[in-house]
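**Student:** What follows is the file data10.cif, containing mmCIF, C-alpha atoms:
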```
data_input
#
loop_
_atom_site.label_atom_id
_atom_site.label_comp_id
_atom_site.auth_asym_id
_atom_site.auth_seq_id
_atom_site.Cartn_x
_atom_site.Cartn_y
_atom_site.Cartn_z
CA MET A 22 76.43 39.74 95.91
CA THR A 23 79.82 40.59 97.37
CA ARG A 24 83.21 39.08 96.63
CA THR A 25 85.22 37.00 99.04
CA TRP A 26 88.13 39.10 100.26
CA THR A 27 91.20 37.49 101.80
CA ASP A 28 93.24 38.99 104.64
CA GLU A 29 95.97 39.68 102.08
CA GLN A 30 93.56 41.77 100.04
CA ILE A 31 92.11 43.54 103.09
CA SER A 32 95.65 44.29 104.23
CA ALA A 33 96.48 45.61 100.76
CA ALA A 34 93.38 47.82 100.94
CA ILE A 35 94.65 49.30 104.22
CA ASP A 36 97.99 50.04 102.55
CA GLY A 37 96.40 51.50 99.41
CA GLU A 38 97.87 48.73 97.30
CA LEU A 39 94.71 47.43 95.60
CA SER A 40 94.25 48.25 91.94
CA PRO A 41 91.76 51.09 91.32
CA SER A 42 89.04 48.67 90.19
CA ASP A 43 89.59 46.37 93.18
CA ALA A 44 89.67 49.34 95.55
CA GLU A 45 86.33 50.48 94.17
CA ALA A 46 84.81 47.02 94.50
CA PHE A 47 86.24 46.66 97.99
CA ALA A 48 84.73 49.97 99.14
CA ARG A 49 81.34 48.92 97.73
CA ASP A 50 81.47 45.57 99.51
CA VAL A 51 82.55 47.08 102.83
CA ASP A 52 79.44 49.25 102.73
CA VAL A 53 77.08 46.28 102.44
CA ASP A 54 78.96 43.46 104.16
CA PRO A 55 79.18 43.86 107.98
CA ALA A 56 81.54 40.87 108.34
CA LEU A 57 83.98 42.39 105.86
CA ALA A 58 83.70 45.78 107.56
CA ALA A 59 84.42 44.14 110.91
CA ARG A 60 87.46 42.33 109.52
CA LEU A 61 88.74 45.56 108.01
CA GLU A 62 88.28 47.32 111.35
CA ARG A 63 90.08 44.50 113.15
CA LEU A 64 93.15 44.56 110.90
CA GLY A 65 93.07 48.35 110.74
CA SER A 66 93.00 48.58 114.54
CA ALA A 67 95.98 46.25 114.76
CA THR A 68 97.87 48.50 112.35
CA ARG A 69 97.02 51.63 114.32
CA ALA A 70 98.07 49.94 117.56
CA TYR A 71 101.34 48.88 115.95
CA ILE A 72 102.12 52.41 114.74
CA ALA A 73 101.21 53.88 118.14
CA ALA A 74 103.47 51.40 119.92
CA VAL A 75 106.43 52.10 117.64
CA SER A 76 105.83 55.87 117.91
CA GLU A 77 106.39 55.61 121.64
CA ILE A 78 110.06 56.31 120.98
CA ASP A 79 109.03 59.86 120.07
CA ARG A 80 108.54 60.50 123.78
CA GLN A 81 112.28 60.21 124.33
CA PRO A 82 114.44 63.14 123.28
CA MET A 83 116.66 62.66 120.27
CA PRO A 84 120.04 61.50 121.60
CA GLU A 85 122.84 64.04 121.63
CA GLY A 86 124.89 62.11 119.11
CA VAL A 87 122.08 62.24 116.55
CA GLN A 88 121.49 65.90 117.26
CA ARG A 89 125.16 66.61 116.65
CA VAL A 90 124.99 64.86 113.29
CA LEU A 91 121.81 66.72 112.33
CA ALA A 92 123.13 70.05 113.61
CA SER A 93 126.28 69.83 111.53
CA PRO A 94 125.32 69.88 107.89
CA PRO A 95 128.01 69.01 105.38
CA VAL A 96 130.15 72.07 104.76
CA ALA A 97 129.24 73.48 101.39
CA LYS A 98 131.90 74.97 99.19
CA VAL A 99 131.01 78.61 98.62
CA ILE A 100 130.29 79.40 95.01
CA PRO A 101 130.03 83.11 94.26
CA PHE A 102 126.76 84.05 92.58
CA ARG A 103 126.94 86.14 89.46
CA ALA A 104 124.45 88.98 89.47
CA SER A 105 122.61 87.65 86.44
CA ARG A 106 122.24 84.27 88.09
CA ILE A 107 120.64 85.84 91.15
CA GLY A 108 118.27 87.74 88.91
CA VAL A 109 117.20 84.59 87.12
CA PHE A 110 116.61 82.82 90.39
CA VAL A 111 114.51 85.65 91.78
CA MET A 112 112.49 85.82 88.58
CA GLU A 113 111.96 82.09 88.67
CA HIS A 114 110.90 82.36 92.25
CA ARG A 115 108.42 85.10 91.43
CA ALA A 116 106.92 82.83 88.82
CA ILE A 117 106.69 80.10 91.40
CA ALA A 118 105.13 82.50 93.86
CA ALA A 119 102.52 83.52 91.30
CA ALA A 120 101.59 79.89 90.75
CA VAL A 121 101.37 79.43 94.48
CA VAL A 122 98.87 82.25 94.81
CA CYS A 123 96.54 80.11 92.73
CA ALA A 124 97.28 77.14 94.95
CA ILE A 125 96.48 79.16 98.04
CA ALA A 126 93.18 80.19 96.53
CA VAL A 127 92.34 76.54 95.98
CA TRP A 128 93.61 75.68 99.46
CA GLY A 129 91.29 78.26 100.96
CA VAL A 130 88.19 76.72 99.45
CA SER A 131 89.37 73.15 99.42
CA SER A 132 86.97 70.47 100.47
CA MET A 133 89.70 69.43 102.92
CA GLY A 134 88.71 71.89 105.14
CA ARG A 135 86.67 74.18 107.05
CA GLY A 136 85.96 71.24 109.27
CA GLY A 137 83.43 71.94 111.88
CA GLY A 138 81.98 74.97 113.51
CA GLN A 139 83.47 78.23 114.56
CA GLY A 140 87.05 77.82 115.69
CA GLY A 141 87.19 74.24 114.51
CA GLY A 142 88.04 75.02 110.88
CA PHE A 143 91.59 74.71 109.70
CA ALA A 144 91.82 76.04 106.14
CA PRO A 145 93.63 79.38 106.04
CA GLN A 146 91.87 82.56 105.03
CA PRO A 147 92.25 83.78 101.44
CA ASP A 148 95.18 85.98 102.54
CA GLY A 149 96.94 82.94 104.00
CA ILE A 150 96.34 83.85 107.64
CA ILE A 151 95.65 80.85 109.83
CA LEU A 152 93.13 81.83 112.49
CA ALA A 153 94.51 81.71 116.01
CA SER A 154 91.38 79.86 117.10
CA SER A 155 91.84 77.12 114.51
CA SER A 156 93.08 73.62 115.11
CA LEU A 157 95.74 74.13 112.42
CA HIS A 158 97.12 77.09 114.39
CA ARG A 159 97.29 74.93 117.51
CA ALA A 160 99.06 72.14 115.62
CA LEU A 161 101.68 74.58 114.32
CA GLU A 162 102.10 76.17 117.73
CA THR A 163 102.60 72.95 119.69
CA GLY A 164 103.25 69.98 117.36
CA ALA A 165 106.77 68.55 117.17
CA SER A 166 108.26 67.87 113.75
CA GLY A 167 107.45 64.34 112.73
CA GLU A 168 104.50 64.16 115.10
CA ARG A 169 101.10 63.58 113.57
CA VAL A 170 98.47 65.84 115.13
CA PRO A 171 94.79 65.00 114.47
CA ILE A 172 92.92 68.25 113.87
CA ALA A 173 89.53 67.05 112.71
CA GLN A 174 87.82 63.81 111.88
CA ASP A 175 90.05 61.96 109.38
CA VAL A 176 92.32 64.98 109.05
CA SER A 177 95.78 65.34 110.54
CA VAL A 178 98.69 67.75 110.40
CA THR A 179 102.32 66.64 110.60
CA PRO A 180 104.92 69.38 111.02
CA ARG A 181 108.01 68.39 109.06
CA LEU A 182 110.60 71.09 109.49
CA THR A 183 111.10 74.27 111.48
CA PHE A 184 113.50 77.02 110.44
CA LEU A 185 114.25 80.64 111.10
CA SER A 186 113.51 82.77 108.10
CA SER A 187 115.75 85.65 107.16
CA ASP A 188 112.73 87.90 106.78
CA ALA A 189 109.61 86.44 108.41
CA GLY A 190 110.32 84.97 111.84
CA TYR A 191 110.06 81.23 112.28
CA CYS A 192 108.55 79.08 109.55
CA ARG A 193 107.27 75.53 109.53
CA GLN A 194 106.82 73.10 106.68
CA PHE A 195 103.91 70.77 107.35
CA ASP A 196 101.72 68.14 105.73
CA VAL A 197 97.94 68.03 105.91
CA MET A 198 96.48 64.59 105.30
CA ALA A 199 92.83 63.77 104.83
CA SER A 200 91.11 60.75 103.37
CA THR A 201 90.24 62.71 100.26
CA ALA A 202 93.22 64.99 99.79
CA ALA A 203 96.71 65.86 100.94
CA ALA A 204 98.83 68.96 100.85
CA SER A 205 102.19 70.25 102.00
CA ALA A 206 102.67 73.85 102.96
CA ILE A 207 104.95 76.34 104.64
CA ALA A 208 103.62 78.88 107.09
CA CYS A 209 105.62 81.61 108.82
CA ARG A 210 104.89 83.16 112.19
CA THR A 211 104.92 86.91 112.62
CA GLY A 212 103.14 88.91 115.27
CA GLY A 213 101.81 85.74 116.86
CA ARG A 214 100.01 84.68 113.68
CA TRP A 215 100.85 81.98 111.19
CA ARG A 216 100.49 82.94 107.55
CA THR A 217 100.58 80.33 104.81
CA GLN A 218 103.34 81.16 102.35
CA VAL A 219 103.24 78.29 99.86
CA VAL A 220 101.06 75.26 99.37
CA GLU A 221 101.44 72.27 97.12
CA PHE A 222 98.71 69.72 96.80
CA GLY A 223 99.60 66.04 96.88
CA ARG A 224 99.06 63.53 94.18
CA GLN A 225 96.64 60.66 94.37
CA LEU A 226 98.28 57.29 94.69
CA ARG A 227 97.19 54.03 93.21
CA GLY A 228 94.51 52.69 95.48
CA GLY A 229 93.07 56.10 96.23
CA ASP A 230 95.41 57.33 98.96
CA TYR A 231 97.18 60.63 98.67
CA GLN A 232 100.84 61.46 98.92
CA THR A 233 101.99 64.86 100.10
CA ALA A 234 104.41 66.92 98.10
CA SER A 235 107.03 66.85 100.85
CA GLY A 236 107.02 63.07 100.70
CA ALA A 237 107.67 63.20 97.00
CA LYS A 238 109.99 66.22 97.12
CA SER A 239 108.59 69.54 96.06
CA ALA A 240 110.57 71.98 93.96
CA ILE A 241 108.27 74.77 95.12
CA LEU A 242 108.74 74.13 98.82
CA GLU A 243 112.47 73.58 98.35
CA ALA A 244 112.78 76.85 96.42
CA PHE A 245 110.93 78.73 99.14
CA ILE A 246 113.14 77.28 101.87
CA ASP A 247 116.32 77.96 99.89
CA LEU A 248 115.31 81.56 99.43
CA HIS A 249 114.24 82.26 103.00
CA ILE A 250 116.09 80.02 105.43
CA ALA A 251 118.62 81.64 107.72
CA GLY A 252 121.16 79.02 108.73
CA THR A 253 120.03 75.44 109.17
CA PRO A 254 116.72 73.88 110.25
CA LEU A 255 116.11 73.60 113.97
CA GLY A 256 116.94 70.33 115.68
CA ALA A 257 114.42 68.60 117.95
CA VAL A 258 115.73 70.12 121.18
CA ASP A 259 115.81 73.70 119.89
CA GLU A 260 112.35 73.24 118.41
CA GLU A 261 110.98 71.86 121.66
CA ARG A 262 112.49 74.79 123.58
CA LEU A 263 110.97 77.24 121.12
CA VAL A 264 107.52 75.65 121.41
CA ALA A 265 107.75 75.66 125.21
CA LYS A 266 108.55 79.36 125.17
CA GLY A 267 105.65 80.18 122.89
CA TRP A 268 107.91 80.93 119.92
CA ARG A 269 109.31 84.01 121.63
CA VAL A 270 113.00 83.11 121.50
CA GLY A 271 114.86 85.12 118.90
CA GLN A 272 111.84 87.15 117.87
CA MET B 14 125.28 75.05 94.16
CA ALA B 15 127.65 72.89 96.20
CA ARG B 16 126.82 69.22 96.19
CA ASP B 17 127.40 66.49 98.67
CA ARG B 18 128.77 63.06 97.80
CA THR B 19 125.19 61.90 97.41
CA GLY B 20 124.82 64.29 94.51
CA LEU B 21 122.22 66.37 96.35
CA PRO B 22 122.84 70.02 97.13
CA THR B 23 124.27 70.02 100.66
CA SER B 24 121.50 72.16 102.14
CA ALA B 25 118.80 69.97 100.57
CA LEU B 26 120.48 66.80 101.83
CA HIS B 27 120.68 68.15 105.34
CA ARG B 28 117.09 69.33 105.35
CA GLU B 29 115.84 66.05 104.00
CA LEU B 30 117.70 64.10 106.68
CA VAL B 31 116.33 66.40 109.41
CA GLN B 32 112.84 65.75 108.03
CA LEU B 33 113.41 62.04 107.75
CA ALA B 34 115.02 61.54 111.17
CA PRO B 35 111.87 61.09 113.34
CA GLN B 36 110.37 58.53 110.96
CA LEU B 37 113.71 56.80 110.50
CA ARG B 38 114.01 56.59 114.27
CA ARG B 39 110.62 54.87 114.51
CA TYR B 40 111.72 52.46 111.80
CA ALA B 41 114.93 51.76 113.73
CA TYR B 42 112.90 51.17 116.88
CA ALA B 43 110.53 48.87 114.99
CA LEU B 44 113.52 46.80 113.86
CA THR B 45 115.46 46.75 117.12
CA ARG B 46 112.60 46.93 119.65
CA ASN B 47 115.07 48.57 121.98
CA PRO B 48 115.30 52.37 122.30
CA ALA B 49 119.06 52.45 122.92
CA ASP B 50 119.76 50.16 119.97
CA ALA B 51 117.35 52.21 117.85
CA ASP B 52 119.23 55.43 118.58
CA ASP B 53 122.59 53.77 117.88
CA LEU B 54 121.18 52.52 114.60
CA LEU B 55 119.76 55.94 113.73
CA GLN B 56 123.05 57.70 114.38
CA ALA B 57 125.06 55.11 112.47
CA THR B 58 122.65 55.40 109.54
CA LEU B 59 122.82 59.19 109.37
CA GLU B 60 126.61 59.17 109.60
CA ARG B 61 126.85 56.52 106.89
CA VAL B 62 124.51 58.38 104.54
CA LEU B 63 126.44 61.59 105.00
CA SER B 64 129.81 59.99 104.43
CA LYS B 65 129.21 57.50 101.62
CA SER B 66 128.24 57.96 98.02
CA MET B 67 124.72 57.11 96.86
CA PRO B 68 123.59 55.75 93.50
CA GLU B 69 122.27 58.57 91.32
CA ASP B 70 118.97 56.93 90.47
CA VAL B 71 117.84 56.22 94.04
CA GLU B 72 115.71 58.50 96.22
CA LEU B 73 117.41 59.58 99.42
CA ALA B 74 114.65 58.22 101.67
CA LYS B 75 114.75 54.78 100.04
CA TRP B 76 118.52 54.75 100.18
CA THR B 77 118.53 55.78 103.84
CA TYR B 78 116.10 53.03 104.84
CA ARG B 79 118.22 50.53 102.94
CA VAL B 80 121.38 51.69 104.72
CA CYS B 81 119.52 51.51 108.04
CA ARG B 82 118.39 47.94 107.45
CA ASN B 83 121.85 46.83 106.30
CA ILE B 84 123.50 48.29 109.40
CA TRP B 85 120.88 46.59 111.54
CA ILE B 86 121.49 43.22 109.95
CA ASP B 87 125.29 43.49 109.70
CA GLU B 88 126.24 45.31 112.86
CA ILE B 89 123.66 46.14 115.51
CA ARG B 90 121.59 42.98 115.51
CA SER B 91 124.64 40.84 116.17
CA ARG B 92 125.30 42.65 119.44
CA LYS B 93 121.91 42.08 121.06
CA ILE B 94 123.45 43.14 124.34
CA ARG B 95 121.13 45.87 125.43
CA ARG B 96 117.97 44.07 124.57
CA GLU B 97 117.98 42.14 127.82
CA ALA B 98 119.06 45.07 129.97
CA ALA B 99 117.01 48.09 128.95
CA PRO B 100 114.11 47.17 126.73
CA GLN B 101 111.64 49.87 127.68
CA ILE B 102 110.96 53.44 126.79
CA VAL B 103 111.17 55.80 129.77
CA PRO B 104 108.01 55.49 131.88
CA ALA B 105 105.06 57.54 130.72
CA PRO B 106 103.93 60.42 132.88
CA GLN B 107 101.41 59.56 135.57
CA VAL B 108 98.07 58.99 133.94
CA SER B 109 94.84 59.90 135.55
CA THR B 110 91.76 59.48 133.41
CA GLU B 111 90.22 56.15 132.64
CA GLU B 112 90.76 56.81 128.96
CA GLU B 113 94.48 57.44 129.47
CA VAL B 114 94.88 54.28 131.53
CA ALA B 115 93.11 52.26 128.83
CA SER B 116 95.30 53.83 126.15
CA ARG B 117 98.49 53.01 128.08
CA PHE B 118 97.30 49.44 128.61
CA ALA B 119 96.52 49.09 124.88
CA LEU B 120 100.03 50.27 124.05
CA GLN B 121 101.57 47.70 126.35
CA ARG B 122 99.45 44.98 124.79
CA ALA B 123 100.49 46.08 121.33
CA GLN B 124 104.17 46.07 122.31
CA ALA B 125 103.86 42.58 123.72
CA GLY B 126 102.07 41.47 120.56
CA ILE B 127 104.79 42.95 118.37
CA ASP B 128 107.45 41.09 120.35
CA LYS B 129 105.69 37.83 119.55
CA LEU B 130 105.74 38.35 115.79
CA PRO B 131 108.31 36.41 113.77
CA ASP B 132 111.22 38.55 112.55
CA ASP B 133 110.21 38.28 108.89
CA GLN B 134 106.70 39.59 109.57
CA ARG B 135 107.89 42.34 111.88
CA GLU B 136 110.40 43.53 109.32
CA VAL B 137 107.95 43.83 106.45
CA LEU B 138 105.39 45.53 108.72
CA ALA B 139 108.03 48.12 109.70
CA MET B 140 108.88 48.73 106.06
CA VAL B 141 105.28 49.29 104.98
CA ALA B 142 103.50 50.71 108.04
CA ILE B 143 106.36 52.81 109.44
CA ALA B 144 108.70 53.59 106.53
CA GLY B 145 105.76 53.88 104.12
CA MET B 146 107.34 51.69 101.47
CA ALA B 147 105.27 50.44 98.55
CA TYR B 148 104.91 46.66 98.36
CA ARG B 149 107.10 46.63 95.28
CA ASP B 150 109.92 48.42 97.11
CA ALA B 151 109.63 46.19 100.18
CA ALA B 152 109.72 43.10 97.97
CA GLU B 153 112.80 44.40 96.20
CA ALA B 154 114.58 45.27 99.45
CA LEU B 155 113.87 41.84 100.91
CA ALA B 156 114.41 39.99 97.63
CA ILE B 157 111.06 38.21 97.94
CA PRO B 158 107.94 38.16 95.70
CA ILE B 159 105.21 40.75 96.27
CA GLY B 160 102.84 37.91 97.15
CA THR B 161 105.09 37.01 100.07
CA VAL B 162 105.10 40.63 101.24
CA MET B 163 101.29 40.55 101.17
CA SER B 164 100.97 37.31 103.07
CA ARG B 165 103.50 38.35 105.74
CA LEU B 166 101.70 41.65 106.28
CA ALA B 167 98.30 39.98 106.53
CA ARG B 168 99.59 37.39 108.98
CA ALA B 169 101.33 40.03 111.08
CA ARG B 170 98.16 42.12 111.33
CA ALA B 171 95.96 39.11 112.03
CA SER B 172 98.35 37.84 114.74
CA LEU B 173 98.58 41.23 116.36
CA ALA B 174 94.80 41.65 116.32
CA ALA B 175 94.29 38.17 117.76
CA TYR B 176 96.87 38.73 120.49
CA MET B 177 95.40 42.05 121.53
CA GLU B 178 91.89 40.62 121.66
CA ALA B 179 93.02 37.57 123.61
CA VAL B 180 94.58 39.61 126.42
CA THR B 181 91.80 42.18 126.62
#
```
As structure tokens, how would this structure be written, given the file I've shared?

**Tutor:**
Amino acid sequence: MTRTWTDEQISAAIDGELSPSDAEAFARDVDVDPALAARLERLGSATRAYIAAVSEIDRQPMPEGVQRVLASPPVAKVIPFRASRIGVFVMEHRAIAAAVVCAIAVWGVSSMGRGGGQGGGFAPQPDGIILASSSLHRALETGASGERVPIAQDVSVTPRLTFLSSDAGYCRQFDVMASTAAASAIACRTGGRWRTQVVEFGRQLRGGDYQTASGAKSAILEAFIDLHIAGTPLGAVDEERLVAKGWRVGQ
Amino acid sequence: MARDRTGLPTSALHRELVQLAPQLRRYAYALTRNPADADDLLQATLERVLSKSMPEDVELAKWTYRVCRNIWIDEIRSRKIRREAAPQIVPAPQVSTEEEVASRFALQRAQAGIDKLPDDQREVLAMVAIAGMAYRDAAEALAIPIGTVMSRLARARASLAAYMEAVT
């Protein structure tokens, strides 16, 4: 016997806003009630169509005025670092890095992903290298920041930020979203290969969805960027130019 | 570390705005339904966020979406000049496969369906589906009960689904 679910509740299920017990009951009912499954698909399709229609603006380049604003960060007052302060920061960062090694180990064997056969997998190797034949590599090579790139069934990658590192070529912060997990990571490109530098797994939201660390602000990712970024993040035009040239500019 | 008027370190503020910009632009487009107005709104929002102070207990993303909506309501929406003149995104590249043609047609149907939604439904759909706001935050921003957020979202989705099926 299944419950009667209203459009409001189905809509809330799509948005991950049902309580955990309702979400569980809803998932059970969808499995056994074809009419409910059809209604969910109908409202879900409308949502996907809506997002696709609104995302059409991505096809137009960012206007120059916006690029000027984004290319001119507020001028920071220079505060001289004391030597001891630098030491503390580096030590803290090493501690962070050690924790991240554990995260990378988990990332490598995560259920999120060795999706598919040879060449279709996307989880990095234990040493952080992302195989050139993988869909994750392709997403990092060609995806624009802010653009969601499907890389396997129910799994997508969204590059968030591109920056030139002071010591490891270009780096990209990106989110990986799956129905069962989420993660944010930074990978840097050297010698034509992307190597994962840091990974932070997302937290599970009420309703069962996952939120990436970059969406919730990550001290680990921020610390990595602070330590390695040379200058400011790339704007959309510079990033597009870099992608078009196969990441060869400036390397 | 130097801090901006928002209280965030300047480099962190800048990075966060660079990260937020594409999604904020979609939100602006969802509100204005006009690419030129959306870009005006995006630029005005970024300039406002960078130049004004922000409450300490508010996340930057939430604050930025709030600023964006306020500028839309107070300034851009009242102009409504461009909407008649240049409502469309630049034409898509020539499509060839049947699948691409179908996809382009589906997009056009969706855009027409969105245009038919009442403003109140379109606004809450943009907040939740594009800006990723929780129902509680959308309700607070719009000063309406969560139940109203839920019913507007459900009606928006049902209307859009019905419109798209009707013209298929």

**Student:** What are the residues of chain A that have an atom within 6 Å of an atom of chain B, counting only C-alpha atoms, as a list in words?

**Tutor:**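 Every residue meeting the condition is included here: Asp28, Glu29, Ser32, Leu64, Ala67, Ala70, Ala74, Val75, Ser76, Val87, Pro94, Ala97, Lys98, Gly167, Arg181 and Leu182 of chain A.
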
**Student:** Near His158 of chain A, counting only C-alpha atoms, which residues have an atom at most 12 Å away, once you skip same-chain residues fewer than 3 positions from it, shown as JSON, numbers by chain?

**Tutor:** {"A": [140, 141, 142, 143, 144, 145, 149, 150, 151, 152, 153, 154, 155, 161, 162, 163, 164, 170, 172, 178, 180, 193, 195, 208, 209, 210, 213, 214, 215, 216, 217]}

**Student:** Just how far from atom CA of Phe245 of chain A is atom CA of Glu260 of chain A, in Å to one decimal?

**Tutor:**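 Going from atom CA of Glu260 of chain A over to atom CA of Phe245 of chain A covers 20.1 Å.
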
**Student:** Find the residue from A:Leu157, A:Leu91, A:Ala58, A:Ala240 that sits nearest to Ser177 of chain A; use all atoms listed in the file when measuring.

**Tutor:**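 Among the listed residues, the smallest separation from Ser177 of chain A belongs to A:Leu157.
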
**Student:** Expressed in Å to a single decimal, how great is the separation between atom CA of Val62 of chain B and atom CA of Asp196 of chain A?

**Tutor:**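 Taking atom CA of Val62 of chain B and atom CA of Asp196 of chain A, their separation equals 24.8 Å.
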
**Student:** Rounded to one decimal in Å, what is the spacing between atom CA of Leu155 of chain B and atom CA of Leu130 of chain B?

**Tutor:**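 Separation of atom CA of Leu155 of chain B and atom CA of Leu130 of chain B: 17.3 Å.
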